[in-house]
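*Asks:* My structure is below; once you've seen it, I'll send some questions.
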Amino acid sequence: MMKRFLAYYKPYKKALAADLLFAALASAAVLAYPLLVNYMTTMAISDQGIQLPLLLKAIAVFALLMIVEYVSHF
């Protein structure tokens with residue numbers, strides 16, 4: 001069954017590889033959101049107040065994840 005499936009996609013190898021790559025990136029981006037929120041709440045916002053450099057880095061990573069998710073759904 002798998003041989004027939006792969007034989008059908010042989011002319012579209014690059015498109016299939018790109019599709020699988022972006023699906024994996026989109027999945028990783030979705031899974032990274034809770035990790036980013038955890039990082040922001042534990043490291044960037046502490047008893048000493050908001051640490052701006054860490055917060056800006058976290059926002060940059062969040063924006064990058066949003067871009068990856070947008071591109072993968074395009």
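Ligands are numbered from 1 in the order shown, chains are lettered A, B, ... in the order of the structure tokens, and residues start at 1 in each chain.
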Within chain A, find each residue whose DSSP state, derived from the backbone, is strand (DSSP E or B), and express the selection as a ChimeraX atom specification.

*Replies:* /A:45-46,49-50

*Asks:* Using N, CA and C atoms, can you write the selected residues to a file as a PDB file, in the first residue's frame?

*Replies:*
```
ATOM      1  N   ILE A  45       9.104  37.861  34.205  1.00  0.00           N
ATOM      2  CA  ILE A  45       8.336  38.557  35.236  1.00  0.00           C
ATOM      3  C   ILE A  45       8.644  37.877  36.562  1.00  0.00           C
ATOM      4  N   SER A  46       9.449  38.524  37.379  1.00  0.00           N
ATOM      5  CA  SER A  46       9.861  37.926  38.645  1.00  0.00           C
ATOM      6  C   SER A  46       9.516  38.864  39.794  1.00  0.00           C
ATOM      7  N   GLY A  49      10.535  42.530  39.444  1.00  0.00           N
ATOM      8  CA  GLY A  49       9.870  43.342  38.423  1.00  0.00           C
ATOM      9  C   GLY A  49      10.045  42.723  37.055  1.00  0.00           C
ATOM     10  N   ILE A  50       9.579  43.419  36.060  1.00  0.00           N
ATOM     11  CA  ILE A  50       9.667  42.913  34.690  1.00  0.00           C
ATOM     12  C   ILE A  50      11.068  43.191  34.152  1.00  0.00           C
TER      13      ILE A  50
END
```

*Asks:* Any idea what's packed within 9 Å of segment 66-74 of chain A, counting only C-alpha atoms, ignoring anything in its chain fewer than 6 positions away? Could you give it as a list in words?

*Replies:* Asp19, Leu21, Phe22, Ala23, Leu25, Ala26, Ser27, Ala29 and Val30 of chain A

*Asks:* With only C-alpha atoms as the counted atoms, please give the residues lying no more than 12 Å from Pro53 of chain A, apart from itself and same-chain residues fewer than 4 positions off, as a list in words.

*Replies:* Met40, Met43, Ala44, Ile45, Lys57, Ala58, Ile59 and Ala60 of chain A

*Asks:* Report, in Å with one decimal, the straight-line distance from atom CA of Phe62 of chain A to atom CA of Leu16 of chain A.

*Replies:*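 Computing it gives 27.1 Å between the two atoms.
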
*Asks:* Distance atom CA of Leu54 of chain A-atom CA of Ala24 of chain A, one decimal place?

*Replies:*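 For atom CA of Leu54 of chain A relative to atom CA of Ala24 of chain A, the distance reads 26.8 Å.
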
*Asks:* To one decimal place in Å, what is the distance between atom CA of Leu36 of chain A and atom CA of Leu20 of chain A?

*Replies:* 24.0 Å

*Asks:* From a backbone DSSP assignment, name each residue in segment 31-71 of chain A labelled helix (DSSP H, G or I), as a short mmCIF file (atom, residue, chain, number, x, y, z; two decimals) with all heavy atoms, in the first residue's frame.

*Replies:*
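File produced: states.cif:
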```
data_model
loop_
_atom_site.label_atom_id
_atom_site.label_comp_id
_atom_site.auth_asym_id
_atom_site.auth_seq_id
_atom_site.Cartn_x
_atom_site.Cartn_y
_atom_site.Cartn_z
N LEU A 31 3.19 23.79 19.79
CA LEU A 31 3.66 23.25 21.05
C LEU A 31 4.57 24.22 21.80
O LEU A 31 4.73 24.12 23.02
CB LEU A 31 4.42 21.93 20.81
CG LEU A 31 3.56 20.77 20.31
CD1 LEU A 31 4.43 19.58 19.96
CD2 LEU A 31 2.53 20.39 21.35
N ALA A 32 5.15 25.16 21.09
CA ALA A 32 6.07 26.11 21.74
C ALA A 32 5.34 27.22 22.48
O ALA A 32 5.93 27.85 23.36
CB ALA A 32 7.01 26.70 20.70
N TYR A 33 4.09 27.50 22.13
CA TYR A 33 3.35 28.58 22.80
C TYR A 33 3.28 28.39 24.32
O TYR A 33 3.60 29.32 25.06
CB TYR A 33 1.95 28.74 22.22
CG TYR A 33 1.92 29.35 20.85
CD1 TYR A 33 1.20 28.76 19.82
CD2 TYR A 33 2.60 30.52 20.56
CE1 TYR A 33 1.17 29.30 18.56
CE2 TYR A 33 2.57 31.06 19.30
CZ TYR A 33 1.86 30.46 18.30
OH TYR A 33 1.83 31.00 17.05
N PRO A 34 2.89 27.24 24.83
CA PRO A 34 2.86 27.08 26.29
C PRO A 34 4.24 27.20 26.92
O PRO A 34 4.38 27.74 28.02
CB PRO A 34 2.29 25.67 26.50
CG PRO A 34 1.62 25.32 25.24
CD PRO A 34 2.30 26.07 24.16
N LEU A 35 5.27 26.72 26.23
CA LEU A 35 6.62 26.85 26.76
C LEU A 35 7.03 28.32 26.84
O LEU A 35 7.69 28.75 27.79
CB LEU A 35 7.61 26.08 25.89
CG LEU A 35 7.44 24.57 25.87
CD1 LEU A 35 8.37 23.94 24.85
CD2 LEU A 35 7.70 24.00 27.25
N LEU A 36 6.65 29.09 25.83
CA LEU A 36 6.97 30.51 25.83
C LEU A 36 6.25 31.25 26.95
O LEU A 36 6.85 32.08 27.64
CB LEU A 36 6.61 31.12 24.48
CG LEU A 36 6.93 32.59 24.29
CD1 LEU A 36 8.42 32.84 24.42
CD2 LEU A 36 6.43 33.07 22.95
N VAL A 37 5.00 30.92 27.16
CA VAL A 37 4.25 31.56 28.24
C VAL A 37 4.86 31.18 29.59
O VAL A 37 5.00 32.03 30.48
CB VAL A 37 2.76 31.17 28.17
CG1 VAL A 37 2.01 31.61 29.40
CG2 VAL A 37 2.13 31.77 26.92
N ASN A 38 5.24 29.94 29.76
CA ASN A 38 5.89 29.49 30.98
C ASN A 38 7.20 30.26 31.20
O ASN A 38 7.49 30.72 32.30
CB ASN A 38 6.15 28.00 30.94
CG ASN A 38 6.79 27.48 32.20
OD1 ASN A 38 6.62 28.05 33.28
ND2 ASN A 38 7.53 26.40 32.08
N TYR A 39 7.97 30.39 30.16
CA TYR A 39 9.24 31.12 30.26
C TYR A 39 9.00 32.57 30.64
O TYR A 39 9.71 33.12 31.49
CB TYR A 39 9.98 31.04 28.92
CG TYR A 39 11.26 31.83 28.90
CD1 TYR A 39 12.39 31.37 29.54
CD2 TYR A 39 11.32 33.06 28.25
CE1 TYR A 39 13.56 32.09 29.53
CE2 TYR A 39 12.48 33.79 28.23
CZ TYR A 39 13.61 33.31 28.87
OH TYR A 39 14.76 34.03 28.86
N MET A 40 8.02 33.19 30.01
CA MET A 40 7.74 34.60 30.30
C MET A 40 7.30 34.79 31.75
O MET A 40 7.70 35.75 32.40
CB MET A 40 6.68 35.15 29.35
CG MET A 40 7.19 35.41 27.96
SD MET A 40 5.92 35.96 26.81
CE MET A 40 5.26 37.38 27.64
N THR A 41 6.48 33.90 32.25
CA THR A 41 5.97 34.08 33.61
C THR A 41 7.00 33.75 34.68
O THR A 41 6.99 34.35 35.74
CB THR A 41 4.71 33.23 33.84
OG1 THR A 41 5.00 31.87 33.58
CG2 THR A 41 3.57 33.71 32.98
N THR A 42 7.91 32.84 34.38
CA THR A 42 8.90 32.47 35.41
C THR A 42 10.17 33.30 35.34
O THR A 42 10.75 33.60 36.37
CB THR A 42 9.26 30.98 35.32
OG1 THR A 42 9.77 30.70 34.02
CG2 THR A 42 8.07 30.12 35.63
N MET A 43 10.61 33.66 34.15
CA MET A 43 11.90 34.33 34.01
C MET A 43 11.76 35.84 33.81
O MET A 43 12.45 36.62 34.47
CB MET A 43 12.69 33.74 32.84
CG MET A 43 13.01 32.27 33.02
SD MET A 43 14.05 31.92 34.44
CE MET A 43 15.62 32.42 33.82
N ALA A 44 10.92 36.25 32.89
CA ALA A 44 10.84 37.66 32.54
C ALA A 44 10.09 38.47 33.59
O ALA A 44 10.40 39.63 33.83
CB ALA A 44 10.19 37.83 31.18
N LEU A 52 13.01 43.70 31.11
CA LEU A 52 12.69 44.08 29.74
C LEU A 52 13.46 43.30 28.68
O LEU A 52 12.85 42.86 27.70
CB LEU A 52 12.88 45.59 29.56
CG LEU A 52 12.33 46.17 28.27
CD1 LEU A 52 10.85 45.90 28.16
CD2 LEU A 52 12.61 47.65 28.20
N PRO A 53 14.77 43.08 28.80
CA PRO A 53 15.47 42.33 27.74
C PRO A 53 14.91 40.93 27.54
O PRO A 53 14.74 40.48 26.40
CB PRO A 53 16.92 42.29 28.21
CG PRO A 53 17.06 43.42 29.15
CD PRO A 53 15.72 43.58 29.79
N LEU A 54 14.62 40.23 28.62
CA LEU A 54 14.06 38.88 28.49
C LEU A 54 12.66 38.93 27.89
O LEU A 54 12.29 38.08 27.08
CB LEU A 54 14.03 38.18 29.85
CG LEU A 54 15.37 37.74 30.40
CD1 LEU A 54 15.20 37.17 31.79
CD2 LEU A 54 16.01 36.73 29.49
N LEU A 55 11.90 39.91 28.29
CA LEU A 55 10.55 40.05 27.76
C LEU A 55 10.57 40.34 26.26
O LEU A 55 9.78 39.79 25.50
CB LEU A 55 9.79 41.13 28.52
CG LEU A 55 8.31 41.27 28.23
CD1 LEU A 55 7.58 39.98 28.57
CD2 LEU A 55 7.73 42.42 29.02
N LEU A 56 11.49 41.19 25.83
CA LEU A 56 11.60 41.50 24.40
C LEU A 56 12.04 40.28 23.59
O LEU A 56 11.55 40.06 22.49
CB LEU A 56 12.57 42.67 24.19
CG LEU A 56 12.08 44.03 24.69
CD1 LEU A 56 13.16 45.07 24.51
CD2 LEU A 56 10.81 44.44 23.99
N LYS A 57 12.94 39.49 24.15
CA LYS A 57 13.35 38.26 23.47
C LYS A 57 12.18 37.29 23.35
O LYS A 57 11.98 36.66 22.32
CB LYS A 57 14.51 37.60 24.21
CG LYS A 57 15.82 38.31 24.06
CD LYS A 57 16.90 37.61 24.86
CE LYS A 57 18.19 38.40 24.84
NZ LYS A 57 19.23 37.79 25.67
N ALA A 58 11.40 37.17 24.39
CA ALA A 58 10.25 36.27 24.37
C ALA A 58 9.21 36.75 23.35
O ALA A 58 8.62 35.95 22.64
CB ALA A 58 9.62 36.18 25.76
N ILE A 59 9.02 38.05 23.26
CA ILE A 59 8.08 38.60 22.28
C ILE A 59 8.59 38.35 20.86
O ILE A 59 7.82 38.01 19.97
CB ILE A 59 7.85 40.10 22.53
CG1 ILE A 59 7.04 40.28 23.82
CG2 ILE A 59 7.14 40.77 21.36
CD1 ILE A 59 6.94 41.71 24.29
N ALA A 60 9.90 38.46 20.65
CA ALA A 60 10.47 38.19 19.34
C ALA A 60 10.28 36.72 18.95
O ALA A 60 9.94 36.41 17.81
CB ALA A 60 11.95 38.55 19.33
N VAL A 61 10.49 35.82 19.89
CA VAL A 61 10.28 34.40 19.61
C VAL A 61 8.81 34.13 19.32
O VAL A 61 8.47 33.38 18.39
CB VAL A 61 10.78 33.53 20.79
CG1 VAL A 61 10.35 32.09 20.64
CG2 VAL A 61 12.28 33.64 20.92
N PHE A 62 7.91 34.76 20.07
CA PHE A 62 6.48 34.60 19.83
C PHE A 62 6.11 35.09 18.43
O PHE A 62 5.35 34.43 17.72
CB PHE A 62 5.70 35.38 20.89
CG PHE A 62 4.22 35.23 20.79
CD1 PHE A 62 3.60 34.06 21.16
CD2 PHE A 62 3.44 36.28 20.32
CE1 PHE A 62 2.23 33.91 21.05
CE2 PHE A 62 2.07 36.15 20.21
CZ PHE A 62 1.46 34.96 20.58
N ALA A 63 6.67 36.21 18.02
CA ALA A 63 6.40 36.73 16.67
C ALA A 63 6.93 35.78 15.61
O ALA A 63 6.27 35.53 14.59
CB ALA A 63 7.01 38.11 16.52
N LEU A 64 8.11 35.23 15.85
CA LEU A 64 8.66 34.26 14.90
C LEU A 64 7.79 33.02 14.79
O LEU A 64 7.54 32.51 13.69
CB LEU A 64 10.08 33.87 15.32
CG LEU A 64 10.79 32.85 14.44
CD1 LEU A 64 11.05 33.45 13.06
CD2 LEU A 64 12.08 32.42 15.08
N LEU A 65 7.28 32.55 15.92
CA LEU A 65 6.39 31.39 15.90
C LEU A 65 5.10 31.70 15.14
O LEU A 65 4.58 30.85 14.40
CB LEU A 65 6.06 30.94 17.32
CG LEU A 65 7.20 30.32 18.11
CD1 LEU A 65 6.78 30.07 19.54
CD2 LEU A 65 7.67 29.04 17.46
N MET A 66 4.59 32.90 15.29
CA MET A 66 3.38 33.28 14.57
C MET A 66 3.64 33.33 13.06
O MET A 66 2.79 32.91 12.27
CB MET A 66 2.87 34.63 15.07
CG MET A 66 2.29 34.57 16.46
SD MET A 66 1.72 36.17 17.07
CE MET A 66 0.42 36.54 15.92
N ILE A 67 4.81 33.82 12.67
CA ILE A 67 5.16 33.87 11.24
C ILE A 67 5.28 32.46 10.69
O ILE A 67 4.77 32.17 9.59
CB ILE A 67 6.46 34.67 11.04
CG1 ILE A 67 6.21 36.14 11.33
CG2 ILE A 67 7.01 34.49 9.64
CD1 ILE A 67 7.46 36.98 11.42
N VAL A 68 5.94 31.57 11.42
CA VAL A 68 6.08 30.18 10.96
C VAL A 68 4.71 29.53 10.81
O VAL A 68 4.44 28.84 9.82
CB VAL A 68 6.97 29.37 11.94
CG1 VAL A 68 6.86 27.88 11.67
CG2 VAL A 68 8.40 29.83 11.84
N GLU A 69 3.83 29.76 11.76
CA GLU A 69 2.50 29.18 11.69
C GLU A 69 1.72 29.75 10.51
O GLU A 69 1.04 29.02 9.79
CB GLU A 69 1.75 29.41 12.99
CG GLU A 69 0.47 28.61 13.08
CD GLU A 69 -0.16 28.68 14.44
OE1 GLU A 69 0.51 29.09 15.42
OE2 GLU A 69 -1.33 28.30 14.53
N TYR A 70 1.85 31.05 10.26
CA TYR A 70 1.15 31.67 9.14
C TYR A 70 1.65 31.11 7.81
O TYR A 70 0.87 30.76 6.94
CB TYR A 70 1.35 33.19 9.18
CG TYR A 70 0.76 33.87 7.97
CD1 TYR A 70 -0.60 34.08 7.85
CD2 TYR A 70 1.59 34.31 6.93
CE1 TYR A 70 -1.13 34.68 6.74
CE2 TYR A 70 1.06 34.92 5.82
CZ TYR A 70 -0.30 35.12 5.73
OH TYR A 70 -0.82 35.71 4.60
N VAL A 71 2.98 31.01 7.66
CA VAL A 71 3.56 30.52 6.41
C VAL A 71 3.16 29.06 6.18
O VAL A 71 2.88 28.66 5.05
CB VAL A 71 5.09 30.68 6.42
CG1 VAL A 71 5.76 29.94 5.27
CG2 VAL A 71 5.45 32.16 6.38
#
```
